[in-house]
$ cat data11.cif   # mmCIF, C-alpha atoms and all ligand atoms
data_protein
loop_
_atom_site.label_atom_id
_atom_site.label_comp_id
_atom_site.auth_asym_id
_atom_site.auth_seq_id
_atom_site.Cartn_x
_atom_site.Cartn_y
_atom_site.Cartn_z
CA MET A 1 66.07 8.88 -24.07
CA ALA A 2 63.04 10.98 -24.89
CA GLU A 3 62.84 14.37 -23.33
CA ARG A 4 59.76 15.24 -21.31
CA VAL A 5 58.29 18.64 -21.98
CA ILE A 6 58.60 20.41 -18.67
CA PRO A 7 56.10 23.23 -18.41
CA LEU A 8 57.19 26.51 -16.96
CA ILE A 9 55.53 27.53 -13.76
CA ASP A 10 54.37 31.07 -13.38
CA GLN A 11 54.73 31.51 -9.65
CA ARG A 12 54.92 35.26 -10.10
CA ARG A 13 51.31 35.64 -11.12
CA LEU A 14 50.09 33.43 -8.33
CA ALA A 15 52.11 35.44 -5.87
CA THR A 16 50.43 38.63 -7.02
CA ALA A 17 46.92 37.16 -6.76
CA PRO A 18 44.89 38.75 -3.99
CA ALA A 19 45.14 36.81 -0.73
CA VAL A 20 41.43 36.62 0.00
CA GLY A 21 38.21 37.30 -1.84
CA VAL A 22 37.82 37.73 -5.56
CA ALA A 23 38.88 40.93 -7.27
CA ALA A 24 35.96 43.26 -7.95
CA GLY A 25 34.97 43.91 -11.54
CA ALA A 26 35.68 40.37 -12.64
CA TRP A 27 32.12 39.22 -12.36
CA GLU A 28 29.29 40.04 -14.70
CA GLY A 29 25.83 38.61 -14.17
CA GLY A 30 27.30 36.16 -11.68
CA LEU A 31 29.93 34.94 -14.17
CA LEU A 32 33.67 35.19 -13.79
CA LEU A 33 34.98 36.53 -17.10
CA ASP A 34 38.40 36.49 -18.74
CA ARG A 35 39.93 39.29 -20.83
CA HIS A 36 37.75 38.36 -23.81
CA ALA A 37 34.59 38.17 -21.67
CA ARG A 38 34.55 34.37 -21.70
CA PRO A 39 33.11 32.70 -18.60
CA LEU A 40 34.75 29.74 -16.84
CA THR A 41 32.27 26.88 -17.11
CA ASP A 42 34.21 23.73 -18.08
CA LEU A 43 37.08 21.97 -16.37
CA ARG A 44 39.08 19.14 -17.90
CA ILE A 45 41.11 17.11 -15.50
CA SER A 46 43.95 14.89 -16.66
CA VAL A 47 44.31 12.02 -14.21
CA THR A 48 47.33 10.30 -15.75
CA ASP A 49 50.00 11.04 -18.34
CA ARG A 50 50.24 7.34 -19.26
CA CYS A 51 48.42 5.47 -21.99
CA ASN A 52 48.21 1.95 -23.36
CA PHE A 53 47.92 3.29 -26.95
CA ARG A 54 50.52 5.11 -29.02
CA CYS A 55 48.37 7.11 -31.45
CA SER A 56 50.89 8.76 -33.75
CA TYR A 57 49.15 12.15 -33.55
CA CYS A 58 49.34 12.16 -29.75
CA MET A 59 51.98 9.85 -28.23
CA PRO A 60 54.25 8.72 -31.09
CA LYS A 61 56.07 5.51 -30.20
CA GLU A 62 59.48 6.92 -31.01
CA VAL A 63 59.10 9.60 -28.34
CA PHE A 64 56.91 7.86 -25.78
CA ASP A 65 59.12 4.79 -25.47
CA LYS A 66 60.02 2.70 -22.43
CA ASP A 67 62.52 5.32 -21.30
CA TYR A 68 60.07 8.22 -21.40
CA PRO A 69 60.09 10.00 -18.04
CA TYR A 70 56.45 9.75 -17.02
CA LEU A 71 55.47 11.46 -13.81
CA PRO A 72 56.20 9.54 -10.62
CA HIS A 73 53.16 8.73 -8.48
CA SER A 74 54.16 11.26 -5.82
CA ALA A 75 53.91 14.05 -8.39
CA LEU A 76 50.27 13.30 -9.22
CA LEU A 77 47.47 15.12 -7.53
CA SER A 78 45.67 12.81 -5.12
CA PHE A 79 41.93 12.29 -5.51
CA GLU A 80 41.35 14.48 -2.46
CA GLU A 81 43.47 17.26 -3.96
CA ILE A 82 41.66 17.01 -7.30
CA THR A 83 38.27 17.13 -5.59
CA ARG A 84 39.24 20.08 -3.45
CA LEU A 85 40.40 22.06 -6.48
CA ALA A 86 37.31 21.02 -8.43
CA SER A 87 35.12 22.30 -5.63
CA VAL A 88 36.86 25.69 -5.80
CA PHE A 89 36.37 25.75 -9.57
CA VAL A 90 32.68 25.00 -9.09
CA HIS A 91 32.40 28.04 -6.86
CA LEU A 92 33.90 30.10 -9.70
CA GLY A 93 31.33 28.90 -12.25
CA VAL A 94 32.40 25.46 -13.48
CA ARG A 95 29.38 23.26 -14.20
CA LYS A 96 30.94 20.55 -16.32
CA ILE A 97 33.91 18.34 -15.49
CA ARG A 98 35.55 15.96 -17.92
CA LEU A 99 38.17 13.42 -16.87
CA THR A 100 40.84 12.71 -19.43
CA GLY A 101 44.54 11.91 -19.79
CA GLY A 102 46.57 9.96 -21.05
CA GLU A 103 44.13 7.12 -20.68
CA PRO A 104 42.01 7.96 -17.62
CA LEU A 105 40.86 4.39 -17.06
CA LEU A 106 44.48 3.43 -16.34
CA ARG A 107 44.41 5.49 -13.14
CA LYS A 108 43.86 3.06 -10.28
CA HIS A 109 40.53 3.34 -8.45
CA ILE A 110 39.26 6.05 -10.79
CA GLU A 111 35.74 5.16 -9.61
CA ALA A 112 36.63 6.59 -6.19
CA LEU A 113 37.50 9.94 -7.75
CA ILE A 114 34.30 9.88 -9.79
CA GLY A 115 32.33 9.24 -6.61
CA GLN A 116 33.94 12.25 -4.92
CA LEU A 117 33.33 14.54 -7.88
CA ALA A 118 29.75 13.32 -8.27
CA ALA A 119 29.07 14.39 -4.69
CA LEU A 120 30.03 18.02 -5.41
CA ARG A 121 27.20 20.52 -5.64
CA THR A 122 26.93 23.96 -7.24
CA PRO A 123 26.10 26.91 -4.97
CA GLU A 124 22.50 26.35 -6.12
CA GLY A 125 22.66 22.75 -4.85
CA GLU A 126 22.80 21.08 -8.24
CA ALA A 127 24.99 18.18 -9.36
CA LEU A 128 27.63 18.75 -12.05
CA GLU A 129 27.82 17.29 -15.52
CA LEU A 130 30.45 14.59 -15.18
CA ALA A 131 31.96 12.96 -18.27
CA LEU A 132 35.10 11.06 -19.27
CA THR A 133 37.05 10.68 -22.52
CA THR A 134 38.60 7.27 -23.11
CA ASN A 135 40.15 5.17 -25.84
CA GLY A 136 37.54 2.55 -24.89
CA SER A 137 40.02 -0.28 -24.38
CA LEU A 138 38.98 -0.95 -20.77
CA LEU A 139 35.30 -0.07 -20.98
CA THR A 140 33.94 -3.60 -21.13
CA ARG A 141 35.46 -4.18 -17.71
CA LYS A 142 34.74 -0.80 -16.18
CA ALA A 143 31.59 0.74 -17.62
CA ALA A 144 29.19 -0.55 -14.97
CA ALA A 145 31.41 0.55 -12.08
CA LEU A 146 31.91 4.00 -13.63
CA LYS A 147 28.17 4.46 -13.93
CA ALA A 148 27.58 3.22 -10.38
CA ALA A 149 30.15 5.73 -9.11
CA GLY A 150 28.22 8.61 -10.65
CA LEU A 151 29.71 9.13 -14.12
CA GLN A 152 27.06 10.39 -16.54
CA ARG A 153 28.58 10.06 -20.00
CA VAL A 154 31.62 8.83 -21.90
CA THR A 155 33.25 9.94 -25.11
CA VAL A 156 35.11 7.16 -26.88
CA SER A 157 37.92 7.88 -29.32
CA LEU A 158 37.92 5.60 -32.36
CA ASP A 159 39.83 6.43 -35.52
CA GLY A 160 38.53 3.81 -37.92
CA LEU A 161 36.36 0.76 -38.35
CA ASP A 162 38.72 -1.29 -40.46
CA ASP A 163 40.77 -3.42 -38.08
CA ALA A 164 44.07 -2.97 -39.91
CA VAL A 165 43.66 0.82 -40.12
CA PHE A 166 42.70 1.06 -36.46
CA ARG A 167 45.61 -1.12 -35.32
CA ARG A 168 47.95 1.16 -37.28
CA MET A 169 46.40 4.28 -35.74
CA ASN A 170 46.72 3.07 -32.14
CA ASP A 171 50.14 1.57 -32.98
CA VAL A 172 49.88 -1.11 -30.31
CA ASP A 173 47.92 -3.57 -32.45
CA PHE A 174 44.73 -3.09 -30.46
CA PRO A 175 41.67 -4.65 -32.19
CA VAL A 176 38.72 -2.50 -33.18
CA ALA A 177 36.23 -5.14 -31.99
CA GLN A 178 37.23 -4.55 -28.39
CA VAL A 179 36.53 -0.82 -28.61
CA LEU A 180 33.17 -1.50 -30.25
CA ALA A 181 32.39 -3.89 -27.39
CA GLY A 182 33.39 -1.11 -24.99
CA ILE A 183 30.94 1.28 -26.63
CA GLU A 184 28.20 -1.31 -26.26
CA ALA A 185 29.13 -1.87 -22.62
CA ALA A 186 28.91 1.88 -21.99
CA LEU A 187 25.46 2.04 -23.56
CA ALA A 188 24.30 -1.02 -21.63
CA ALA A 189 25.52 0.56 -18.39
CA GLY A 190 23.48 3.70 -19.05
CA LEU A 191 26.40 5.96 -20.00
CA GLY A 192 24.78 7.02 -23.27
CA PRO A 193 24.32 8.76 -25.49
CA VAL A 194 27.95 8.01 -26.30
CA LYS A 195 30.02 10.39 -28.40
CA VAL A 196 32.56 8.70 -30.65
CA ASN A 197 35.47 10.95 -31.65
CA MET A 198 37.47 10.24 -34.78
CA VAL A 199 40.62 12.24 -35.49
CA VAL A 200 40.95 12.45 -39.26
CA LYS A 201 44.40 12.42 -40.87
CA ARG A 202 44.40 12.86 -44.62
CA GLY A 203 46.03 9.90 -46.31
CA THR A 204 46.06 7.83 -43.11
CA ASN A 205 42.45 7.14 -42.09
CA ASP A 206 40.24 9.41 -44.21
CA ASP A 207 39.06 6.31 -46.11
CA GLN A 208 37.27 5.43 -42.85
CA LEU A 209 34.87 8.40 -42.90
CA LEU A 210 32.05 6.68 -44.74
CA PRO A 211 32.43 3.25 -43.10
CA MET A 212 32.29 4.97 -39.69
CA ALA A 213 29.22 7.02 -40.71
CA ARG A 214 27.46 3.93 -42.09
CA HIS A 215 28.18 1.87 -39.00
CA PHE A 216 27.17 4.38 -36.34
CA ARG A 217 24.02 5.62 -38.05
CA GLN A 218 22.80 2.08 -38.60
CA HIS A 219 23.29 0.59 -35.17
CA TYR A 220 22.71 1.75 -31.60
CA GLY A 221 19.30 3.39 -32.20
CA GLY A 222 20.62 6.96 -32.34
CA GLN A 223 22.46 6.53 -29.03
CA VAL A 224 25.89 7.16 -30.60
CA VAL A 225 26.88 10.53 -32.04
CA LEU A 226 29.91 10.37 -34.31
CA ARG A 227 32.19 13.40 -34.36
CA PHE A 228 35.08 14.11 -36.67
CA ILE A 229 38.02 16.07 -35.29
CA GLU A 230 40.53 17.95 -37.38
CA TYR A 231 44.08 16.81 -36.72
CA MET A 232 45.58 19.52 -34.51
CA ASP A 233 49.08 20.91 -34.08
CA VAL A 234 48.97 20.27 -30.36
CA GLY A 235 52.17 19.35 -28.51
CA ALA A 236 55.62 19.23 -30.01
CA THR A 237 56.17 15.62 -30.98
CA ASN A 238 53.58 14.58 -33.57
CA GLY A 239 55.23 16.19 -36.60
CA TRP A 240 51.98 17.98 -37.54
CA ARG A 241 51.61 19.22 -41.11
CA MET A 242 48.76 21.25 -42.55
CA ASP A 243 48.54 19.01 -45.61
CA GLU A 244 47.54 16.11 -43.33
CA VAL A 245 44.55 18.04 -41.99
CA LEU A 246 41.29 17.15 -43.72
CA PRO A 247 39.13 20.26 -43.31
CA SER A 248 35.72 19.62 -41.73
CA ALA A 249 34.02 21.14 -44.78
CA GLU A 250 35.46 18.29 -46.82
CA VAL A 251 34.41 15.73 -44.20
CA VAL A 252 30.84 17.03 -44.36
CA ALA A 253 30.87 17.01 -48.17
CA ARG A 254 32.11 13.42 -48.30
CA ILE A 255 29.50 12.17 -45.82
CA ALA A 256 26.76 14.18 -47.55
CA SER A 257 27.66 12.57 -50.89
CA GLU A 258 26.16 9.35 -49.52
CA PHE A 259 23.88 10.62 -46.76
CA PRO A 260 22.40 14.11 -47.28
CA LEU A 261 22.88 16.36 -44.24
CA ARG A 262 21.29 19.52 -42.89
CA PRO A 263 22.87 21.87 -40.33
CA LEU A 264 21.61 21.90 -36.74
CA GLU A 265 21.76 24.67 -34.16
CA PRO A 266 24.39 24.27 -31.41
CA HIS A 267 23.14 23.05 -28.01
CA THR A 268 25.13 25.78 -26.24
CA ALA A 269 27.26 28.76 -27.24
CA SER A 270 30.48 27.11 -26.08
CA GLU A 271 29.87 23.83 -27.93
CA THR A 272 32.97 22.92 -29.89
CA ALA A 273 31.26 20.73 -32.50
CA GLN A 274 29.15 21.94 -35.39
CA ARG A 275 26.19 19.62 -35.62
CA TRP A 276 24.68 18.09 -38.78
CA ALA A 277 21.57 15.91 -38.98
CA TYR A 278 21.10 13.11 -41.46
CA ALA A 279 18.25 14.32 -43.67
CA ASP A 280 16.57 10.90 -43.43
CA GLY A 281 16.26 11.21 -39.64
CA ALA A 282 18.93 8.62 -38.78
CA GLY A 283 20.56 10.80 -36.10
CA GLU A 284 23.38 13.35 -36.30
CA ILE A 285 27.13 13.84 -36.63
CA GLY A 286 29.43 16.60 -35.43
CA VAL A 287 32.60 18.18 -36.77
CA ILE A 288 35.22 19.84 -34.60
CA SER A 289 37.14 22.28 -36.74
CA SER A 290 39.87 23.50 -34.41
CA VAL A 291 42.16 24.25 -37.36
CA THR A 292 39.92 25.62 -40.11
CA ARG A 293 37.27 27.30 -37.98
CA ALA A 294 38.66 28.30 -34.62
CA PHE A 295 36.20 28.63 -31.77
CA CYS A 296 38.35 30.49 -29.24
CA HIS A 297 35.77 33.27 -28.88
CA ASP A 298 33.52 30.91 -26.91
CA CYS A 299 36.20 28.85 -25.17
CA SER A 300 35.22 28.43 -21.55
CA ARG A 301 37.56 25.54 -20.68
CA ALA A 302 40.31 25.35 -18.12
CA ARG A 303 42.61 22.33 -17.94
CA LEU A 304 44.16 20.80 -14.87
CA SER A 305 47.19 18.65 -15.61
CA THR A 306 48.02 15.36 -13.91
CA GLU A 307 50.46 17.06 -11.58
CA GLY A 308 48.28 20.03 -10.74
CA GLN A 309 49.28 22.65 -13.28
CA LEU A 310 46.49 24.85 -14.54
CA TYR A 311 46.46 25.52 -18.30
CA LEU A 312 44.22 28.17 -19.76
CA CYS A 313 44.54 26.93 -23.34
CA LEU A 314 45.24 23.59 -25.01
CA PHE A 315 48.17 25.23 -26.77
CA ALA A 316 49.63 26.98 -23.75
CA HIS A 317 53.30 26.52 -23.11
CA GLN A 318 53.05 27.58 -19.53
CA GLY A 319 51.06 26.23 -16.60
CA HIS A 320 50.26 27.66 -13.20
CA ASP A 321 51.26 25.62 -10.20
CA LEU A 322 48.14 24.82 -8.19
CA LYS A 323 49.67 21.81 -6.48
CA GLY A 324 52.28 24.09 -4.92
CA LEU A 325 49.53 26.28 -3.56
CA LEU A 326 47.56 23.31 -2.23
CA ARG A 327 50.54 21.63 -0.61
CA GLY A 328 51.76 25.00 0.65
CA GLY A 329 48.67 25.25 2.85
CA ALA A 330 46.49 27.71 0.91
CA ASP A 331 42.94 27.82 2.24
CA ASP A 332 39.89 27.75 -0.02
CA ALA A 333 39.56 31.53 -0.13
CA GLN A 334 43.19 31.86 -1.22
CA LEU A 335 42.77 29.19 -3.86
CA ARG A 336 39.63 30.86 -5.13
CA ALA A 337 41.33 34.24 -5.32
CA ALA A 338 44.34 32.81 -7.15
CA LEU A 339 42.18 30.96 -9.67
CA ALA A 340 39.92 33.94 -10.24
CA ALA A 341 42.94 36.18 -10.86
CA LEU A 342 44.37 33.70 -13.35
CA TRP A 343 41.09 33.42 -15.25
CA GLN A 344 40.65 37.19 -15.30
CA GLY A 345 44.09 37.54 -16.85
CA ARG A 346 43.40 34.93 -19.54
CA GLY A 347 43.83 36.22 -23.06
CA ASP A 348 44.59 32.93 -24.89
CA ARG A 349 43.16 32.38 -28.37
CA TYR A 350 45.78 30.31 -30.07
CA SER A 351 43.67 28.77 -32.84
CA GLU A 352 42.26 32.11 -33.95
CA LEU A 353 45.76 33.54 -34.16
CA ARG A 354 46.97 30.51 -36.10
CA ALA A 355 44.06 30.94 -38.52
CA GLN A 356 45.08 34.56 -39.04
CA ARG A 357 48.51 33.38 -40.14
CA GLY A 358 46.79 31.68 -43.07
CA PRO A 359 45.80 28.18 -44.12
CA ASP A 360 49.29 27.13 -45.11
CA ALA A 361 50.94 28.23 -41.91
CA GLY A 362 52.72 25.49 -40.03
CA ALA A 363 52.41 24.88 -36.32
CA SER A 364 53.74 27.90 -34.49
CA ALA A 365 57.41 27.92 -33.61
CA ALA A 366 58.85 28.11 -30.09
CA PRO A 367 58.14 28.30 -27.23
CA ARG A 368 57.52 24.61 -26.94
CA ARG A 369 54.03 23.52 -25.99
CA VAL A 370 52.95 20.78 -23.62
CA GLU A 371 51.77 17.43 -24.92
CA MET A 372 48.11 16.52 -25.22
CA SER A 373 48.68 13.37 -23.14
CA TYR A 374 49.97 15.55 -20.29
CA ILE A 375 47.45 18.36 -20.39
CA GLY A 376 44.44 16.20 -21.34
CA GLY A 377 42.54 16.48 -24.60
N1 LIG A 401 43.14 8.56 -24.10
C1 LIG A 401 41.86 9.14 -24.15
C2 LIG A 401 41.31 9.12 -25.55
O1 LIG A 401 42.08 8.92 -26.50
O2 LIG A 401 40.11 9.33 -25.68
C3 LIG A 401 41.78 10.53 -23.58
C4 LIG A 401 42.90 11.47 -23.85
S1 LIG A 401 43.12 11.94 -25.54
C5 LIG A 401 44.51 13.02 -25.44
C6 LIG A 401 41.72 12.99 -25.77
C7 LIG A 401 41.33 13.25 -27.20
O3 LIG A 401 42.33 14.00 -27.83
C8 LIG A 401 41.11 12.01 -28.05
O4 LIG A 401 39.81 12.04 -28.62
C9 LIG A 401 42.16 12.14 -29.11
O5 LIG A 401 41.75 11.60 -30.31
C10 LIG A 401 42.36 13.63 -29.18
N2 LIG A 401 43.64 14.03 -29.76
C11 LIG A 401 44.88 13.70 -29.34
N3 LIG A 401 45.83 14.25 -30.12
C12 LIG A 401 45.16 14.96 -31.07
C13 LIG A 401 45.58 15.78 -32.18
N4 LIG A 401 46.85 15.96 -32.48
N5 LIG A 401 44.60 16.35 -32.92
C14 LIG A 401 43.30 16.18 -32.64
N6 LIG A 401 42.86 15.45 -31.60
C15 LIG A 401 43.78 14.84 -30.84
FE1 LIG A 402 46.43 7.56 -25.70
FE2 LIG A 402 44.27 8.99 -26.15
FE3 LIG A 402 46.65 9.93 -26.86
FE4 LIG A 402 45.64 7.90 -28.20
S1 LIG A 402 44.79 9.95 -28.08
S2 LIG A 402 47.74 8.04 -27.40
S3 LIG A 402 44.54 6.83 -26.63
S4 LIG A 402 46.00 9.58 -24.80
FE1 LIG A 403 40.35 27.42 -26.30
FE2 LIG A 403 42.96 27.68 -26.74
FE3 LIG A 403 41.52 25.94 -28.18
FE4 LIG A 403 41.24 28.58 -28.56
S1 LIG A 403 43.07 27.38 -28.94
S2 LIG A 403 39.59 27.06 -28.37
S3 LIG A 403 41.49 29.33 -26.46
S4 LIG A 403 41.89 25.86 -25.95
#
$ encode --input "data11.cif" --output "structure tokens" --more "lines below"
Ligand code: SAM
Ligand code: SF4
Ligand code: SF4
Amino acid sequence: MAERVIPLIDQRRLATAPAVGVAAGAWEGGLLLDRHARPLTDLRISVTDRCNFRCSYCMPKEVFDKDYPYLPHSALLSFEEITRLASVFVHLGVRKIRLTGGEPLLRKHIEALIGQLAALRTPEGEALELALTTNGSLLTRKAAALKAAGLQRVTVSLDGLDDAVFRRMNDVDFPVAQVLAGIEAALAAGLGPVKVNMVVKRGTNDDQLLPMARHFRQHYGGQVVLRFIEYMDVGATNGWRMDEVLPSAEVVARIASEFPLRPLEPHTASETAQRWAYADGAGEIGVISSVTRAFCHDCSRARLSTEGQLYLCLFAHQGHDLKGLLRGGADDAQLRAALAALWQGRGDRYSELRAQRGPDAGASAAPRRVEMSYIGG
């Protein structure tokens, strides 16, 4: 039977967090800063560790089989618990929440959670940016309800346009046409512009770069932005190898060989994608170069796992048990103090350190990291 990666829980640090209030000196210009002066602005919430796909780079079939010990329902944070934590994060600076997983649309009544999160307000009385990342398989059924509940945007993951390649990538024989229909349903429901994320694995789906670019620049009237993601060494089960990473520079060169590109300025400092515009005005693409061009210096994201562990980095091997605090009766001030202390102590910059080890370095050795499907991408 497959072994589930059980994250360590750092109760010690929570126990030493101040009981009330937020430690002085942590705030600058109204922003809570970590050890590298990075503010906390984005929260990713994983709402399930289950998925109906078995993408080999994320949940390889051999590991995530029928015997895999997924979390029992009682271990998941309830919608009320998620919303309460989110509200505390908002008071610490979070302005953008993204729901993810596993496949977030598999979580029953997800619209109810979206409704609760959409009702949250910043201290200035503003609504949050609320988005969701999905494999798109259930969007035709759910897009309208998601929009009605208050979701603003979706990102759809799609790793190829050729049906055979895509079926191999998702490894459950799921047809590409249904994901394309999901993208259209999202646009029709008003969830655009839609970002489409393609993870590129050299030798597996890199022949799909140009077909994807051609398709998404031609259709949808500029309402779809295609983004290419470097295959990352996240988790411990995907057998990552550097020679399977296609560097973003090469992605850009290949696209530009058919469609000339010019660089665009980032929308915000913490934007993960580098943007490129088609020179002929047919929209833009993005590249996310987590491996070859680390962006830790601007990383403002915290991640809340399905069972209420807080992760300060995608590559962390240790979470912080917020569910224990919640269920142990902590009030909002105590939660806020604990979260602020954790963020202030954050020094993570895994990708930059990996880059310093050199381009041929493998994924780092022990300690074992949590899986992307558990922590949320
Ligand atoms: N199931 C949803 C989906 O696929 O969109 C949401 C969760 S998934 C873990 C979030 C994102 O992580 C997806 O865009 C997926 O392609 C990306 N991802 C997963 N494993 C990855 C890896 N090893 N390298 C790069 N991206 C990865
Ligand atoms: Fe599922 Fe998304 Fe992971 Fe693919 S990338 S296995 S769709 S969680
Ligand atoms: Fe942020 Fe960690 Fe990724 Fe660096 S490696 S960008 S700190 S999540």
$ residues_near_point --input "data11.cif" --point "(34.3, 23.9, -43.4)" --cutoff "9 Å" --atoms "all atoms listed in the file" --output "JSON, numbers by chain"
{"A": [247, 248, 249, 250, 251, 252, 287, 289, 292, 293]}
$ write_last_selection --input "data11.cif" --atoms "C-alpha atoms" --output "PDB file, in the coordinates of the input"
ATOM      1  CA  PRO A 247      39.130  20.260 -43.310  1.00  0.00           C
ATOM      2  CA  SER A 248      35.720  19.620 -41.730  1.00  0.00           C
ATOM      3  CA  ALA A 249      34.020  21.140 -44.780  1.00  0.00           C
ATOM      4  CA  GLU A 250      35.460  18.290 -46.820  1.00  0.00           C
ATOM      5  CA  VAL A 251      34.410  15.730 -44.200  1.00  0.00           C
ATOM      6  CA  VAL A 252      30.840  17.030 -44.360  1.00  0.00           C
ATOM      7  CA  VAL A 287      32.600  18.180 -36.770  1.00  0.00           C
ATOM      8  CA  SER A 289      37.140  22.280 -36.740  1.00  0.00           C
ATOM      9  CA  THR A 292      39.920  25.620 -40.110  1.00  0.00           C
ATOM     10  CA  ARG A 293      37.270  27.300 -37.980  1.00  0.00           C
TER      11      ARG A 293
END
$ residues_near_ligand --input "data11.cif" --ligand "ligand LIG 401 (chain A)" --cutoff "8 Å" --atoms "only C-alpha atoms and all ligand atoms" --output "compact mmCIF listing (two decimals) with C-alpha atoms, in the frame of the given file"
# COMPACT_ATOMS: atom_id res chain seq x y z
CA CYS A 51 48.42 5.47 -21.99
CA PHE A 53 47.92 3.29 -26.95
CA CYS A 55 48.37 7.11 -31.45
CA TYR A 57 49.15 12.15 -33.55
CA CYS A 58 49.34 12.16 -29.75
CA MET A 59 51.98 9.85 -28.23
CA THR A 100 40.84 12.71 -19.43
CA GLY A 101 44.54 11.91 -19.79
CA GLY A 102 46.57 9.96 -21.05
CA GLU A 103 44.13 7.12 -20.68
CA PRO A 104 42.01 7.96 -17.62
CA LEU A 132 35.10 11.06 -19.27
CA THR A 133 37.05 10.68 -22.52
CA THR A 134 38.60 7.27 -23.11
CA ASN A 135 40.15 5.17 -25.84
CA GLY A 136 37.54 2.55 -24.89
CA THR A 155 33.25 9.94 -25.11
CA VAL A 156 35.11 7.16 -26.88
CA SER A 157 37.92 7.88 -29.32
CA LEU A 158 37.92 5.60 -32.36
CA ASP A 159 39.83 6.43 -35.52
CA ASN A 197 35.47 10.95 -31.65
CA MET A 198 37.47 10.24 -34.78
CA VAL A 199 40.62 12.24 -35.49
CA VAL A 200 40.95 12.45 -39.26
CA ILE A 229 38.02 16.07 -35.29
CA GLU A 230 40.53 17.95 -37.38
CA TYR A 231 44.08 16.81 -36.72
CA MET A 232 45.58 19.52 -34.51
CA ASP A 233 49.08 20.91 -34.08
CA VAL A 234 48.97 20.27 -30.36
CA GLY A 235 52.17 19.35 -28.51
CA ASN A 238 53.58 14.58 -33.57
CA TRP A 240 51.98 17.98 -37.54
CA MET A 372 48.11 16.52 -25.22
CA SER A 373 48.68 13.37 -23.14
CA TYR A 374 49.97 15.55 -20.29
CA ILE A 375 47.45 18.36 -20.39
CA GLY A 376 44.44 16.20 -21.34
CA GLY A 377 42.54 16.48 -24.60
$ atom_distance --input "data11.cif" --atom1 "CA of Phe315 (chain A)" --atom2 "atom S4 of ligand LIG 403 (chain A)"
6.4 Å
$ closest_residue --input "data11.cif" --among "A:His91, A:Arg227, A:Arg84, A:Arg303" --to "Gly30 (chain A)" --atoms "all atoms listed in the file"
A:His91
$ atom_distance --input "data11.cif" --atom1 "CA of Ser305 (chain A)" --atom2 "CA of Ala273 (chain A)"
23.3 Å
$ closest_atom_pairs --input "data11.cif" --of "chain A" --to "ligand LIG 403 (chain A)" --cutoff "10 Å" --atoms "all atoms listed in the file" --output "CSV"
residue,atom,partner,partner_atom,distance
A:Arg38,CA,A:LIG403,S3,9.8
A:Met232,CA,A:LIG403,FE3,9.9
A:Val234,CA,A:LIG403,S1,9.3
A:Ser270,CA,A:LIG403,S2,9.4
A:Thr272,CA,A:LIG403,S2,8.0
A:Ser289,CA,A:LIG403,S2,9.9
A:Ser290,CA,A:LIG403,FE3,6.9
A:Val291,CA,A:LIG403,S1,9.0
A:Arg293,CA,A:LIG403,S2,9.9
A:Ala294,CA,A:LIG403,S2,6.4
A:Phe295,CA,A:LIG403,S2,5.1
A:Cys296,CA,A:LIG403,FE4,3.5
A:His297,CA,A:LIG403,FE4,7.2
A:Asp298,CA,A:LIG403,S2,7.3
A:Cys299,CA,A:LIG403,FE1,4.5
A:Ser300,CA,A:LIG403,FE1,7.1
A:Arg301,CA,A:LIG403,FE1,6.6
A:Ala302,CA,A:LIG403,S4,8.0
A:Arg303,CA,A:LIG403,S4,8.8
A:Tyr311,CA,A:LIG403,S4,8.9
A:Leu312,CA,A:LIG403,S4,7.0
A:Cys313,CA,A:LIG403,FE2,3.8
A:Leu314,CA,A:LIG403,S4,4.2
A:Phe315,CA,A:LIG403,FE2,5.8
A:Ala316,CA,A:LIG403,FE2,7.3
A:Arg346,CA,A:LIG403,S3,9.1
A:Gly347,CA,A:LIG403,S3,8.0
A:Asp348,CA,A:LIG403,S3,5.0
A:Arg349,CA,A:LIG403,S3,4.0
A:Tyr350,CA,A:LIG403,S1,4.1
A:Ser351,CA,A:LIG403,S1,4.2
A:Glu352,CA,A:LIG403,FE4,6.5
A:Leu353,CA,A:LIG403,S1,8.5
A:Arg354,CA,A:LIG403,S1,8.7
A:Gly377,CA,A:LIG403,S4,9.5
$ closest_residue --input "data11.cif" --among "A:Ser74, A:Asn170, A:Gln152, A:Gln309" --to "ligand LIG 402 (chain A)" --atoms "all atoms listed in the file"
A:Asn170
$ residues_around --input "data11.cif" --residues "Pro72 (chain A)" --least-positions-apart "3" --cutoff "12 Å" --atoms "only C-alpha atoms" --output "list of chain:residue names"
A:Thr48, A:Asp49, A:Arg50, A:Tyr68, A:Pro69, A:Ala75, A:Leu76, A:Leu77, A:Thr306, A:Glu307
$ atom_distance --input "data11.cif" --atom1 "CA of Phe228 (chain A)" --atom2 "CA of Val94 (chain A)"
26.0 Å
$ closest_residue --input "data11.cif" --among "A:Ala333, A:Ala236, A:Ala253, A:Val63" --to "Val370 (chain A)" --atoms "only C-alpha atoms"
A:Ala236
$ residues_near_point --input "data11.cif" --point "(28.5, 5.3, -13.7)" --cutoff "9 Å" --atoms "all atoms listed in the file" --output "list in words"
Glu111, Ile114, Gly115, Ala143, Ala144, Ala145, Leu146, Lys147, Ala148, Ala149, Gly150, Leu151, Gln152, Arg153, Ala186, Ala189, Gly190 and Leu191 of chain A
$ axis_aligned_box --input "data11.cif" --around "ligand LIG 402 (chain A)" --padding-each-side "8 Å" --output "AutoDock Vina command-line options"
--center_x 46.0 --center_y 8.4 --center_z -26.5 --size_x 19.5 --size_y 19.1 --size_z 19.4
$ closest_residue --input "data11.cif" --among "A:Ile285, A:Leu304, A:Val154, A:Ala37" --to "Gly192 (chain A)" --atoms "all atoms listed in the file"
A:Val154
